[in-house]
Amino acid sequence: MAHMKPTRRSWAEPFKIKVVEPLTTTTRQYRAKAIKAAGYNTFLLRSEDVYIDLLTDSGTNAMSDYQWAGMMLGDEAYAGSKNFYNLETNMRKYYGYQFLVPTHQGRGAEHIISQIMIKPGDFIPGNMYFTTTREHQERAGGTFVDVIIDAAHDPESVYPFKGNVHLQKLEELIRKVGAKRIPYISVAATVNMAGGQPISMENMREVRRLANKHGIKVILDATRAVENAYFIKIREKGYARKSVAAILKELCSYTDGATMSGKKDLLVNIGGFLAVNDEKLYDEARNMVVVFEGLHTYGGLAGRDMEAMARGMEEMVKEDYLRSRIGQVEYLGQKLLDWGIPIVQPIGGHAVFLDAKKILKHIPQDKFPAQTLAAEIYIDSGVRTMERGIVSAGRDSKTGAHRHPKLELVRVTIPRRVYTQAHMDVTAESILSVYEDRKRIKGLNMVYEPKHLRFFQARFDKL
Ligand SMILES: *Cc1c(COP(=O)(O)O)cnc(C)c1O
């Protein structure tokens with residue numbers, strides 16, 4: 001299968017390499033020791049001990065020469081930096097919102113919007129939770145309610161827009177608690193926790209219609225909105241001939257504001273922002289950012305970081321870039337599918353998700369199959385991935401028992417513009433090698449469990 005004749009012409013990365021960062025290779029014996037010392041948790045490994053780092057796509061992007069040149073043009077004034085105005089101009093141009101408040105990263109923006117819009121006792125419906133987004137909504141006294149379509153929870157459903165909002169569920173919630181108790185609908189583009197699955201333009205339009213009917217605002221998590229726009233272009237009727245930039249702007253036009261982690265779509269290593277259209281909200285946000293992040297023209301960022309984000313916006317909408325970005329994830333996923341390795345379908349925008357429940361059928365969920373699989377892949381090749389299953393799901397706050405999520409996955413996340421197709425080949429072959437050897441693999445015991453977001457710091461022992 002690996003040597004099949006190609007069924008389509010290849011694409012190549014639309015950039016060439018100007019600066020390189022050496023990777024370290026280690027022996028299997030060394031890695032077995034390193035992962036043991038890290039308590040079989042890939043979050044506790046030292047980056048130096050990792051060969052190909054597919055832990056996350058957050059802040060791990062490679063910047064272009066154009067962005068690096070912009071870094072030298074950083075205007076590090078405390079107030080009124082010219083880089084702020086460049087960022088504001090480009091945010092208006094590409095996202096279309098009126099007002100910009102920079103923040104140190106996405107969660108800074110989530111904090112501010114949650115504090116100014118949510119009152120204790122409110123409900124915030126959304127298309128599947130995201131860890132930091134929900135945390136800030138709940139800290140402000142709100143309750144998150146998942147209104148994503150059911151297909152999102154089914155790894156085998158190949159529905160092209162598994163990020164869609166279930167409109168009946170949303171309307172039922174509005175009827176049940178009343179529009180006054182819903183400050184905004186929290187809509188994510190390419191839903192991270194569902195496996196990088198997009199929302200359709202049609203669904204977004206319907207959400208807007210419903211929100212208008214009840215006088216509710218819509219706030220977009222725009223973290224991977226441009227990748228979502230690309231999926232709309234290639235999957236949704238009527239969008240094939242529109243530019244991704246136009247699609248992104250249309251998507252945002254159905255919302256009243258956005259929180260943004262620049263560490264993803266914007267091709268930088270740090271940064272984020274909050275954007276709104278309502279001047280009163282802007283006024284409050286601008287006032288609050290001073291307390292928590294910094295003055296409203298830098299929001300916790302250096303001038304050079306704002307410049308890199310502004311320039312990243314110009315690059316993110318380029319379609320040859322997006323084709324290679326999404327194409328690289330698809331290339332890895334398709335290879336695994338060709339070899340019969342179970343993954344979440346359709347292949348997502350930023351990662352391939354391995355179905356650990358299926359791959360390690362013989363390991364019960366209480367023995368952490370996904371955690372085990374991530375550790376085994378690291379031992380095999382030095383490729384670092386992460387668990388998205390029972391460890392990430394945590395414990396039920398009432399009973400104290402493990403939550404048993406339907407999805408028990410290993411996330412293989414691809415940083416933007418960092419690795420080549422050859423790195424994807426090495427990764428795929430390592431996963432195949434572990435897969436072929438799966439019957440020999442035993443599960444893990446948890447020997448240390450932190451209270452909050454346990455997946456980051458939990459430690460395990462081999463059975
Ligand atoms: C990363 C992320 C965030 C939070 O952004 P940070 O920059 O990490 O604070 C919010 N939403 C989604 C979907 C994300 O992936």
# chains A, B, ... in the order shown; residues from 1 in each chain; ligands from 1

$ residues_near_ligand --ligand "ligand 1" --cutoff "6 Å" --atoms "only C-alpha atoms and all ligand atoms" --output "JSON, numbers by chain"
{"A": [105, 106, 107, 130, 132, 133, 192, 223, 261, 263]}

$ write_last_selection --atoms "N, CA and C atoms" --output "CSV table (one decimal), in the first residue's frame"
chain,number,residue,atom,x,y,z
A,105,GLN,N,-2.6,36.4,25.5
A,105,GLN,CA,-2.9,35.2,24.6
A,105,GLN,C,-4.4,35.1,24.7
A,106,GLY,N,-5.0,34.0,24.1
A,106,GLY,CA,-6.4,33.8,24.0
A,106,GLY,C,-7.2,33.9,25.4
A,107,ARG,N,-6.6,33.2,26.4
A,107,ARG,CA,-7.4,33.2,27.7
A,107,ARG,C,-7.5,34.6,28.3
A,130,PHE,N,-14.3,24.4,25.4
A,130,PHE,CA,-12.9,24.3,25.4
A,130,PHE,C,-12.4,24.6,26.8
A,132,THR,N,-10.0,26.4,28.6
A,132,THR,CA,-9.9,27.7,29.2
A,132,THR,C,-11.2,28.6,29.1
A,133,THR,N,-11.8,28.4,27.9
A,133,THR,CA,-13.1,29.2,27.7
A,133,THR,C,-14.1,28.9,28.7
A,192,ASN,N,-12.0,22.5,18.5
A,192,ASN,CA,-10.7,21.8,18.9
A,192,ASN,C,-11.1,20.4,19.6
A,223,THR,N,-10.0,31.4,17.2
A,223,THR,CA,-8.6,30.8,17.3
A,223,THR,C,-8.2,30.2,16.0
A,261,SER,N,-6.8,33.4,20.1
A,261,SER,CA,-5.5,33.0,20.5
A,261,SER,C,-4.6,33.1,19.2
A,263,LYS,N,-1.7,32.4,18.9
A,263,LYS,CA,-0.7,31.3,18.9
A,263,LYS,C,-1.1,30.2,17.9

$ select_by_dssp --residues "stretch 231-292 of chain A" --states "strand (DSSP E or B)" --output "list of chain:residue names"
A:Gly257, A:Ala258, A:Thr259, A:Met260, A:Ser261, A:Gly272, A:Phe273, A:Leu274, A:Ala275, A:Val276

$ closest_atom_pairs --of "stretch 369-427 of chain A" --to "stretch 47-62 of chain A" --cutoff "6 Å" --atoms "only C-alpha atoms" --output "tab-separated table"
residue	atom	partner	partner_atom	distance
A:Gly382	CA	A:Tyr51	CA	4.8
A:Val383	CA	A:Ile52	CA	4.7
A:Arg384	CA	A:Asp53	CA	4.9
A:Thr385	CA	A:Leu55	CA	4.5
A:Met386	CA	A:Leu55	CA	5.6
A:Val412	CA	A:Leu54	CA	5.5
A:Thr413	CA	A:Leu54	CA	4.8
A:Ile414	CA	A:Leu54	CA	5.6
A:Pro415	CA	A:Asp57	CA	4.3
A:Arg416	CA	A:Asn61	CA	4.8
A:Arg417	CA	A:Ala62	CA	5.5
A:Val418	CA	A:Ala62	CA	5.5

$ write_last_selection --atoms "C-alpha atoms" --output "PDB file, in the first residue's frame"
ATOM      1  CA  GLY A 382      10.770  10.224  20.150  1.00  0.00           C
ATOM      2  CA  VAL A 383       7.577  11.621  18.579  1.00  0.00           C
ATOM      3  CA  ARG A 384       5.616  13.501  21.258  1.00  0.00           C
ATOM      4  CA  THR A 385       1.794  13.421  21.178  1.00  0.00           C
ATOM      5  CA  MET A 386      -0.805  13.902  23.925  1.00  0.00           C
ATOM      6  CA  VAL A 412      -1.119  14.129  16.993  1.00  0.00           C
ATOM      7  CA  THR A 413      -0.987  17.903  16.521  1.00  0.00           C
ATOM      8  CA  ILE A 414       0.869  19.586  13.675  1.00  0.00           C
ATOM      9  CA  PRO A 415       2.626  22.933  14.246  1.00  0.00           C
ATOM     10  CA  ARG A 416       2.332  25.355  11.306  1.00  0.00           C
ATOM     11  CA  ARG A 417       5.238  25.541   8.808  1.00  0.00           C
ATOM     12  CA  VAL A 418       7.595  23.649  11.141  1.00  0.00           C
TER      13      VAL A 418
END

$ closest_atom_pairs --of "stretch 204-264 of chain A" --to "stretch 153-171 of chain A" --cutoff "10 Å" --atoms "only C-alpha atoms" --output "JSON lines"
{"residue": "A:Met204", "atom": "CA", "partner": "A:Asn164", "partner_atom": "CA", "distance": 7.9}
{"residue": "A:Glu206", "atom": "CA", "partner": "A:Leu167", "partner_atom": "CA", "distance": 7.7}
{"residue": "A:Val207", "atom": "CA", "partner": "A:Leu167", "partner_atom": "CA", "distance": 7.1}
{"residue": "A:Leu210", "atom": "CA", "partner": "A:Glu171", "partner_atom": "CA", "distance": 7.7}
{"residue": "A:Ala211", "atom": "CA", "partner": "A:Glu171", "partner_atom": "CA", "distance": 9.4}
{"residue": "A:His214", "atom": "CA", "partner": "A:Glu171", "partner_atom": "CA", "distance": 9.6}
{"residue": "A:Asn228", "atom": "CA", "partner": "A:Gly163", "partner_atom": "CA", "distance": 9.7}
{"residue": "A:Phe231", "atom": "CA", "partner": "A:Pro160", "partner_atom": "CA", "distance": 8.7}
{"residue": "A:Ile232", "atom": "CA", "partner": "A:Phe161", "partner_atom": "CA", "distance": 8.8}
{"residue": "A:Arg235", "atom": "CA", "partner": "A:Pro160", "partner_atom": "CA", "distance": 7.1}
{"residue": "A:Glu236", "atom": "CA", "partner": "A:Pro160", "partner_atom": "CA", "distance": 8.7}

$ write_last_selection --atoms "all heavy atoms" --output "mmCIF file, in the first residue's frame"
data_model
loop_
_atom_site.group_PDB
_atom_site.id
_atom_site.type_symbol
_atom_site.label_atom_id
_atom_site.label_comp_id
_atom_site.auth_asym_id
_atom_site.auth_seq_id
_atom_site.Cartn_x
_atom_site.Cartn_y
_atom_site.Cartn_z
ATOM 1 N N MET A 204 -23.847 28.863 10.832
ATOM 2 C CA MET A 204 -23.516 30.131 11.475
ATOM 3 C C MET A 204 -24.612 31.161 11.232
ATOM 4 O O MET A 204 -25.008 31.903 12.130
ATOM 5 C CB MET A 204 -22.180 30.623 10.907
ATOM 6 C CG MET A 204 -21.561 31.703 11.699
ATOM 7 S SD MET A 204 -21.192 31.132 13.370
ATOM 8 C CE MET A 204 -19.832 32.141 13.719
ATOM 9 N N GLU A 206 -27.727 30.510 10.639
ATOM 10 C CA GLU A 206 -28.907 30.119 11.417
ATOM 11 C C GLU A 206 -28.757 30.512 12.879
ATOM 12 O O GLU A 206 -29.708 30.923 13.529
ATOM 13 C CB GLU A 206 -29.120 28.596 11.312
ATOM 14 C CG GLU A 206 -29.596 28.124 9.950
ATOM 15 C CD GLU A 206 -30.943 28.699 9.566
ATOM 16 O OE1 GLU A 206 -31.800 28.863 10.463
ATOM 17 O OE2 GLU A 206 -31.136 29.011 8.375
ATOM 18 N N VAL A 207 -27.544 30.342 13.406
ATOM 19 C CA VAL A 207 -27.283 30.746 14.795
ATOM 20 C C VAL A 207 -27.556 32.242 14.940
ATOM 21 O O VAL A 207 -28.191 32.700 15.890
ATOM 22 C CB VAL A 207 -25.835 30.400 15.211
ATOM 23 C CG1 VAL A 207 -25.479 31.043 16.544
ATOM 24 C CG2 VAL A 207 -25.645 28.882 15.286
ATOM 25 N N LEU A 210 -31.305 32.988 14.916
ATOM 26 C CA LEU A 210 -31.910 32.624 16.196
ATOM 27 C C LEU A 210 -31.521 33.641 17.286
ATOM 28 O O LEU A 210 -32.354 34.041 18.100
ATOM 29 C CB LEU A 210 -31.406 31.222 16.588
ATOM 30 C CG LEU A 210 -32.254 30.396 17.528
ATOM 31 C CD1 LEU A 210 -33.649 30.196 16.968
ATOM 32 C CD2 LEU A 210 -31.592 29.022 17.732
ATOM 33 N N ALA A 211 -30.271 34.062 17.261
ATOM 34 C CA ALA A 211 -29.794 35.035 18.246
ATOM 35 C C ALA A 211 -30.539 36.361 18.076
ATOM 36 O O ALA A 211 -30.973 36.973 19.059
ATOM 37 C CB ALA A 211 -28.290 35.241 18.094
ATOM 38 N N HIS A 214 -34.041 36.437 19.478
ATOM 39 C CA HIS A 214 -34.166 36.513 20.934
ATOM 40 C C HIS A 214 -33.329 37.629 21.543
ATOM 41 O O HIS A 214 -33.236 37.748 22.764
ATOM 42 C CB HIS A 214 -33.760 35.173 21.560
ATOM 43 C CG HIS A 214 -34.650 34.039 21.158
ATOM 44 N ND1 HIS A 214 -35.863 33.788 21.755
ATOM 45 C CD2 HIS A 214 -34.523 33.103 20.185
ATOM 46 C CE1 HIS A 214 -36.438 32.742 21.182
ATOM 47 N NE2 HIS A 214 -35.636 32.300 20.216
ATOM 48 N N ASN A 228 -11.096 27.147 9.513
ATOM 49 C CA ASN A 228 -12.515 26.846 9.293
ATOM 50 C C ASN A 228 -12.980 27.405 7.945
ATOM 51 O O ASN A 228 -13.691 26.734 7.182
ATOM 52 C CB ASN A 228 -13.360 27.449 10.422
ATOM 53 C CG ASN A 228 -14.755 26.844 10.500
ATOM 54 O OD1 ASN A 228 -15.129 26.235 11.505
ATOM 55 N ND2 ASN A 228 -15.538 26.995 9.450
ATOM 56 N N PHE A 231 -12.032 25.171 5.171
ATOM 57 C CA PHE A 231 -12.921 23.997 5.068
ATOM 58 C C PHE A 231 -14.244 24.372 4.391
ATOM 59 O O PHE A 231 -14.792 23.592 3.617
ATOM 60 C CB PHE A 231 -13.200 23.403 6.455
ATOM 61 C CG PHE A 231 -12.125 22.481 6.947
ATOM 62 C CD1 PHE A 231 -11.468 22.727 8.150
ATOM 63 C CD2 PHE A 231 -11.763 21.350 6.227
ATOM 64 C CE1 PHE A 231 -10.476 21.876 8.618
ATOM 65 C CE2 PHE A 231 -10.772 20.487 6.692
ATOM 66 C CZ PHE A 231 -10.136 20.750 7.890
ATOM 67 N N ILE A 232 -14.759 25.563 4.704
ATOM 68 C CA ILE A 232 -15.997 26.013 4.053
ATOM 69 C C ILE A 232 -15.773 26.121 2.547
ATOM 70 O O ILE A 232 -16.599 25.678 1.749
ATOM 71 C CB ILE A 232 -16.467 27.365 4.650
ATOM 72 C CG1 ILE A 232 -17.004 27.149 6.073
ATOM 73 C CG2 ILE A 232 -17.542 28.015 3.765
ATOM 74 C CD1 ILE A 232 -17.356 28.422 6.827
ATOM 75 N N ARG A 235 -15.587 22.513 1.180
ATOM 76 C CA ARG A 235 -16.661 21.551 1.467
ATOM 77 C C ARG A 235 -18.077 22.079 1.279
ATOM 78 O O ARG A 235 -19.003 21.299 1.104
ATOM 79 C CB ARG A 235 -16.548 21.065 2.929
ATOM 80 C CG ARG A 235 -15.375 20.174 3.169
ATOM 81 C CD ARG A 235 -15.374 19.663 4.597
ATOM 82 N NE ARG A 235 -14.149 18.920 4.865
ATOM 83 C CZ ARG A 235 -13.778 18.521 6.063
ATOM 84 N NH1 ARG A 235 -14.542 18.792 7.117
ATOM 85 N NH2 ARG A 235 -12.661 17.844 6.234
ATOM 86 N N GLU A 236 -18.280 23.404 1.378
ATOM 87 C CA GLU A 236 -19.663 23.910 1.390
ATOM 88 C C GLU A 236 -20.072 24.445 0.025
ATOM 89 O O GLU A 236 -19.311 25.165 -0.621
ATOM 90 C CB GLU A 236 -19.814 24.995 2.471
ATOM 91 C CG GLU A 236 -21.271 25.369 2.726
ATOM 92 C CD GLU A 236 -21.473 26.124 4.041
ATOM 93 O OE1 GLU A 236 -20.532 26.169 4.868
ATOM 94 O OE2 GLU A 236 -22.580 26.664 4.234
#

$ residues_around --residues "A:Lys358" --least-positions-apart "4" --cutoff "9 Å" --atoms "only C-alpha atoms" --output "ChimeraX atom specification"
/A:342,354,362,408

$ write_last_selection --atoms "C-alpha atoms" --output "short mmCIF file (atom, residue, chain, number, x, y, z; two decimals), in the first residue's frame"
data_model
loop_
_atom_site.label_atom_id
_atom_site.label_comp_id
_atom_site.auth_asym_id
_atom_site.auth_seq_id
_atom_site.Cartn_x
_atom_site.Cartn_y
_atom_site.Cartn_z
CA PRO A 342 -8.38 3.74 13.45
CA LEU A 354 -5.85 8.22 17.06
CA HIS A 362 -7.52 -5.10 25.43
CA GLU A 408 -10.39 7.99 24.18
#

$ residues_around --residues "A:Met63" --least-positions-apart "4" --cutoff "12 Å" --atoms "only C-alpha atoms" --output "VMD selection string"
chain A and resid 15 17 to 19 59 67 to 71 263 to 270 305 307 to 309 311 to 313 315 to 316 415 to 418

$ atom_distance --atom1 "atom CA of A:Ala310" --atom2 "atom CA of A:Asn90"
6.0 Å

$ select_by_dssp --residues "stretch 225-357 of chain A" --states "alpha helix (DSSP H)" --output "PyMOL selection string"
chain A and resi 225-235+244-253+279-292+303-316+319-338+356-357

$ residues_around --residues "A:Lys180" --least-positions-apart "3" --cutoff "9 Å" --atoms "only C-alpha atoms" --output "PyMOL selection string"
chain A and resi 122+174+177+183+214-216

$ write_last_selection --atoms "N, CA, C and O atoms" --output "tab-separated table (two decimals), in the first residue's frame"
chain	number	residue	atom	x	y	z
A	122	ASP	N	-26.06	32.99	34.96
A	122	ASP	CA	-26.27	32.97	33.51
A	122	ASP	C	-25.90	31.61	32.90
A	122	ASP	O	-25.18	30.82	33.51
A	174	ILE	N	-32.94	28.25	25.28
A	174	ILE	CA	-33.45	29.62	25.35
A	174	ILE	C	-34.86	29.60	25.94
A	174	ILE	O	-35.20	30.41	26.81
A	177	VAL	N	-34.51	28.58	29.94
A	177	VAL	CA	-33.96	29.51	30.94
A	177	VAL	C	-34.28	30.98	30.62
A	177	VAL	O	-34.12	31.85	31.49
A	183	PRO	N	-26.18	35.61	28.14
A	183	PRO	CA	-25.52	36.84	27.70
A	183	PRO	C	-25.00	36.74	26.26
A	183	PRO	O	-25.00	37.72	25.53
A	214	HIS	N	-34.04	36.44	19.48
A	214	HIS	CA	-34.17	36.51	20.93
A	214	HIS	C	-33.33	37.63	21.54
A	214	HIS	O	-33.24	37.75	22.76
A	215	GLY	N	-32.68	38.42	20.71
A	215	GLY	CA	-31.87	39.52	21.23
A	215	GLY	C	-30.66	39.06	22.03
A	215	GLY	O	-30.32	39.63	23.06
A	216	ILE	N	-30.01	37.99	21.57
A	216	ILE	CA	-28.81	37.46	22.25
A	216	ILE	C	-27.59	37.75	21.38
A	216	ILE	O	-27.67	37.70	20.15

$ closest_residue --among "A:Thr259, A:Asn127, A:Thr143, A:Gln365" --to "A:Ile199" --atoms "only C-alpha atoms"
A:Asn127

$ closest_residue --among "A:Ile112, A:Ile182, A:Ile359, A:Ala245" --to "A:Gly142" --atoms "only C-alpha atoms"
A:Ile182

$ residues_around --residues "A:Lys361" --least-positions-apart "5" --cutoff "10 Å" --atoms "only C-alpha atoms" --output "PDB file with N, CA and C atoms, in the first residue's frame"
ATOM      1  N   ASP A 355      -7.652   6.679  17.562  1.00  0.00           N
ATOM      2  CA  ASP A 355      -8.703   6.090  18.393  1.00  0.00           C
ATOM      3  C   ASP A 355      -8.086   5.006  19.288  1.00  0.00           C
ATOM      4  N   ALA A 356      -7.632   5.420  20.468  1.00  0.00           N
ATOM      5  CA  ALA A 356      -6.910   4.515  21.364  1.00  0.00           C
ATOM      6  C   ALA A 356      -7.815   3.415  21.910  1.00  0.00           C
ATOM      7  N   PRO A 369      -5.752   3.746  28.183  1.00  0.00           N
ATOM      8  CA  PRO A 369      -5.213   3.355  26.870  1.00  0.00           C
ATOM      9  C   PRO A 369      -4.571   4.503  26.076  1.00  0.00           C
ATOM     10  N   ARG A 438       0.748  -3.897  19.112  1.00  0.00           N
ATOM     11  CA  ARG A 438      -0.172  -3.441  20.158  1.00  0.00           C
ATOM     12  C   ARG A 438      -0.541  -4.495  21.199  1.00  0.00           C
ATOM     13  N   LYS A 439      -0.551  -5.777  20.797  1.00  0.00           N
ATOM     14  CA  LYS A 439      -1.013  -6.826  21.722  1.00  0.00           C
ATOM     15  C   LYS A 439      -0.097  -6.963  22.943  1.00  0.00           C
TER      16      LYS A 439
END

$ residues_around --residues "stretch 284-297 of chain A" --least-positions-apart "2" --cutoff "12 Å" --atoms "only C-alpha atoms" --output "PyMOL selection string"
chain A and resi 75-88+99-117+257+259+271-282+299-303+306
